[in-house]
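Below: one structure, written as structure tokens.
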Amino acid sequence: MMNKVNPLAVMPFEKVSGWRLFVKTVIARAYPRVVGQQREKSWIFFDIFLPMLAVSAYVFVYRAIHAPEEYIGFVVVGGAMTAFWMNIMWSMSMQLYWEKEQGNLALYIMAPNSMMAILLGMALGGMLATFLRAIAIILLGSLLFHVQYAIGNFLQLLGVFFAAMTALYGLGMITASLFLLFGREADHLVQLAQEPVYLVSGFYFPIRSFNFWIAAAASIIPLTLGLDAMRQLVFPSGALLGFLNVNVELSVLLVLCVVFLFGARALLGYMERLAIREGRLTESRR
Amino acid sequence: MEKTSAPNRSEVWRSFWVATWLGWQIESNWTQPFLFAIYSIIKPLAGAAILVVMYSVITQGNFNTPIFPYLYYGNAFYQYVGAIMTGVSWAVIDDREHYKTLKYMYIAPINIPAYWLGRGMARFLTGSISVLITIGFGVLFLHVPLIFANVDWPLFIVALLVGVSMLAMMGLILASITLLIAHHFFLIGEAVAGALFLLSGAIFPLDVLPAWIRPVGFVVPITYWLELMRRSLIGNVAQAFPTLSRFSNLQLLGILIGLTILFAIASTFIYRFCDYRARELGLIDRVTNY
């Protein structure tokens with residue numbers, strides 16, 4: 001006679017709850033972002049190749065109109081940052097919508113973990129994977145177009161970068177919860193959030209080119225101030241073309257971090273309840 | 001029972017026009033007409049505005065140089081490349097991966113290449129809205145030169161028709177290749193369009209490119225098409241650039257027509273090969289769920 005074995009009793013995992021479950025969920029969701037994105041080699045190629053094409057085109061435009069050389073560097077750094085914006089749009093904002101389309105979203109919500117931990121895992125994993133691509137774009141662009149850097153304050157540069165990234169991925173978590181309510185229009189809205197954002201955030205030119213109020217309004221997108229501050233810190237003439245003082249920009253970014261992270265938490269809860277009430281969590285409107 | 005290989009003309013036309021109608025519905029009915037109008041206006045204008053601001057920052061807002069209309073018109077008409085070429089190939093991905101209907105298309109009494117071209121035609125219509133808005137904005141607000149009386153209309157119409165056909169043939173080649181590819185499928189159209197944007201001198205004269213890569217630009221038919229479109233609208237301004245100045249309009253048109261015929265022949269053979277391989281390997285209904 002065979003003995004009945006409880007499979008849960010022999011499985012090598014420890015049941016956790018509270019903050020441990022939160023941390024485990026973050027790691028579990030970040031893992032496929034980091035490892036999965038490296039496994040698909042063609043994606044690595046395209047993620048670097050496509051922004052490089054845009055960077056090259058804009059560099060040659062500047063060369064055609066005889067722009068000063070620092071503008072070439074501005075384009076390279078801006079082009080690298082597009083990788084983060086694309087990651088926010090396609091891999092954060094659209095993710096919950098895709099999960100809904102594939103029927104996984106209901107499973108996420110049924111599971112005993114926090115949705116905030118899932119979004120945080122997606123953000124951290126996506127940030128790390130995208131960081132590697134952004135570095136590759138900067139290296140490649142700098143080598144191809146002979147960009148010169150002069151980093152004065154490396155610590156401040158790191159601070160600006162991480163503040164910009166935290167605020168940016170906080171914004172991504174907010175948009176992800178908004179996309180819970182979208183149907184077919186989600187894809188088009190992501191498309192719409194590309195060129196207009198590249199324009200108002202000054203991805204390929206100094207944001208100071210706009211008037212003060214337009215640049216100030218565009219600063220709600222963390223990459224606007226992050227990019228401007230980073231350019232000021234890595235290019236010799238960056239400060240002359242900067243929008244605001246770097247310390248001011250860093251302070252605003254820190255405020256955006258707090259606002260977006262808390263905003264994401266509140267909005268996610270609200271949107272989840274709204275989506276449940278309106279029965280949109282399992283719909284698939286192709 | 002032996003399968004008939006030669007499609008009849010009515011089937012080809014029916015497939016084309018029904019696909020055009022279907023494509024238009026897919027492209028336009030995802031939201032309210034008002035939001036669709038906003039989307040159609042903002043997206044192309046933002047793309048053009050990036051170039052305008054870049055140009056304006058460097059030249060202190062001097063829009064009266066030949067390079068400005070060169071890059072503005074080049075960028076405006078290049079939207080057709082993304083719309084038609086990528087649009088035709090995107091129909092494969094849309095039907096196979098998203099709607100999961102490609103297998104039903106294959107068993108329906110339609111002509112598949114005509115169906116794909118019809119989907120491209122729908123993108124041509126939406127693309128035309130973007131092109132018109134971009135050019136209209138430039139003429140009205142940025143002093144982009146355009147004097148209707150000076151436009152070479154016959155050249156414009158012929159170049160537009162040949163160019164659109166050439167882009168459709170390139171799209172058909174991409175669509176055929178897409179049939180055989182599962183991973184990274186959605187990036188191929190973008191990658192080709194991005195590479196051609198760089199190599200066809202759409203927004204800067206080819207002379208700016210490094211000498212070793214410049215010859216590639218002369219093989220790309222889009223280079224000649226964009227030059228013809230510019231010359232038909234602003235003849236003397238476009239001819240100021242040395243890249244293609246040694247060619248007359250007729251010569252450029254001849255090159256464009258020749259390359260279009262070449263692409264049409266190539267697309268026929270590539271489609272037949274890819275279609276055969278896709279059937280052999282059972283790829284018609286394969287989905288990746290990406």
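Residues are named by chain letter and number: chains run A, B, ... in the order of the structure tokens, numbers start at 1 in each chain, and ligands are numbered from 1 in the order shown.
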6 Å contacts from chain B to chain A using only C-alpha atoms, as a list in words: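 Per the criterion, chain B yields Trp30, Lys43, Ala46, Gly47, Ile50, Ile58, Gly194, Leu198 and Phe204 of chain B.
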For A:Asp228, please output as a ChimeraX atom specification all residues within 7 Å (counting only C-alpha atoms; exclusion window: fewer than 4 positions along the same chain). /A:206-207,224,232,242-243
Residues at most 12 Å from B:Phe269, counting only C-alpha atoms, excluding those fewer than 3 positions away in the same chain, as JSON, numbers by chain? {"B": [113, 169, 172, 173, 176, 177, 262, 263, 264, 265, 266, 272, 273, 274, 275, 276]}
To one decimal in Å, tell me the separation between atom CA of A:Arg231 and atom CA of A:Gly73. 8.6 Å
Got a sec: who's within 9 Å of A:Phe161, counting only C-alpha atoms, leaving out chain neighbours fewer than 5 positions off, as a VMD selection string? chain A and resid 156 166 226 to 227 229 to 230
Which of B:Val237, B:Leu174, B:Ile213, B:Ala48 sits closest to B:Glu190 [using only C-alpha atoms]: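 Of B:Val237, B:Leu174, B:Ile213, B:Ala48, the one nearest B:Glu190, counting only C-alpha atoms, is B:Leu174.
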Separation of atom CA of B:Val81 from atom CA of B:Arg123 in Å: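 So the answer is 10.0 Å.
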Looking at only C-alpha atoms, which of B:Ala202, B:Val139, B:Met229, B:Ala108 is the one that sits closest to B:Ile67? B:Ala202
Extract the full set of alpha helix (DSSP H) residues from stretch 103-266 of chain B according to DSSP on the backbone, and format it as number ranges by chain. B: 103-107, 112-141, 153-179, 185-199, 214-219, 221-238, 249-266
Minimum-distance residue to A:Lys100, chosen among A:Ala266, A:Ile137, A:Leu181, A:Leu253 (using only C-alpha atoms):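 Using only C-alpha atoms, A:Lys100 sits closest to A:Leu181.
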Find the residues near B:Ala193: any atom within 8 Å, counting only C-alpha atoms, skip ones fewer than 4 places away on the same chain, and give them as a list in words.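 My reading of the contact set: Val81, Gly82, Met85, Thr86, Gly189 and Phe197 of chain B.
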Store the residues picked out above, limited to N, CA and C atoms, as a CSV table (one decimal), in the first residue's frame.
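Okay, out06.csv is ready:
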chain,number,residue,atom,x,y,z
B,81,VAL,N,7.0,56.1,-45.0
B,81,VAL,CA,7.8,54.9,-44.9
B,81,VAL,C,7.3,54.1,-43.7
B,82,GLY,N,7.3,54.8,-42.5
B,82,GLY,CA,6.8,54.1,-41.3
B,82,GLY,C,5.4,53.6,-41.5
B,85,MET,N,5.4,50.9,-45.3
B,85,MET,CA,6.3,49.7,-45.3
B,85,MET,C,6.1,48.9,-44.0
B,86,THR,N,6.2,49.6,-42.9
B,86,THR,CA,6.0,48.9,-41.6
B,86,THR,C,4.5,48.5,-41.5
B,189,GLY,N,10.4,45.9,-38.5
B,189,GLY,CA,9.9,47.0,-39.2
B,189,GLY,C,10.5,48.3,-38.7
B,197,PHE,N,15.9,55.7,-42.4
B,197,PHE,CA,15.8,57.2,-42.1
B,197,PHE,C,17.2,57.8,-42.0
Surrounding residues of A:Leu223 excluding itself and chain neighbours under 5 positions, 7 Å, only C-alpha atoms, as a list of chain:residue names: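 So, after excluding close chain neighbours, the residues are A:Ala164, A:Leu168, A:Ser201.
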Those selected residues, please, written with N, CA and C atoms and delivered as an mmCIF file, in the first residue's frame.
data_model
loop_
_atom_site.group_PDB
_atom_site.id
_atom_site.type_symbol
_atom_site.label_atom_id
_atom_site.label_comp_id
_atom_site.auth_asym_id
_atom_site.auth_seq_id
_atom_site.Cartn_x
_atom_site.Cartn_y
_atom_site.Cartn_z
ATOM 1 N N ALA A 164 16.417 60.759 -10.255
ATOM 2 C CA ALA A 164 15.618 60.796 -11.491
ATOM 3 C C ALA A 164 14.994 59.428 -11.755
ATOM 4 N N LEU A 168 11.148 58.565 -11.814
ATOM 5 C CA LEU A 168 10.653 58.086 -13.106
ATOM 6 C C LEU A 168 9.901 56.764 -12.943
ATOM 7 N N SER A 201 10.630 67.068 -22.986
ATOM 8 C CA SER A 201 11.676 66.789 -21.987
ATOM 9 C C SER A 201 13.072 67.134 -22.491
#
What is the atom CA of A:Gly172-atom CA of A:Met89 distance in Å, reported with one decimal?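 Answer for the atom CA of A:Gly172 to atom CA of A:Met89 separation: 7.1 Å.
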Compile the contact shell of A:Ile44 as an NGL selection string: residues with an atom at most 12 Å away, counting only C-alpha atoms, same-chain residues fewer than 4 positions apart removed. (:A and (34-40 or 48-51 or 83 or 129-134 or 136-137)) or (:B and (184 or 187))
Export C-alpha atoms of the chosen residues as a compact mmCIF listing (two decimals), in the first residue's frame?
# COMPACT_ATOMS: atom_id res chain seq x y z
CA VAL A 34 16.79 41.07 -15.28
CA VAL A 35 17.42 37.50 -16.38
CA GLY A 36 14.71 37.19 -19.03
CA GLN A 37 15.75 40.33 -20.85
CA GLN A 38 19.34 39.10 -21.08
CA ARG A 39 18.28 35.70 -22.40
CA GLU A 40 16.60 37.11 -25.47
CA ILE A 48 20.64 49.26 -28.31
CA PHE A 49 20.48 49.39 -32.10
CA LEU A 50 17.16 51.28 -32.41
CA PRO A 51 18.04 54.19 -30.09
CA ALA A 83 15.85 53.53 -23.20
CA ALA A 129 18.26 45.76 -17.29
CA THR A 130 17.72 49.14 -18.98
CA PHE A 131 20.73 50.64 -17.23
CA LEU A 132 22.98 48.13 -19.02
CA ARG A 133 21.46 49.11 -22.36
CA ALA A 134 21.79 52.84 -21.62
CA ALA A 136 25.99 50.51 -24.03
CA ILE A 137 24.33 53.35 -25.98
CA HIS B 184 11.94 40.06 -32.25
CA LEU B 187 11.20 45.25 -34.02
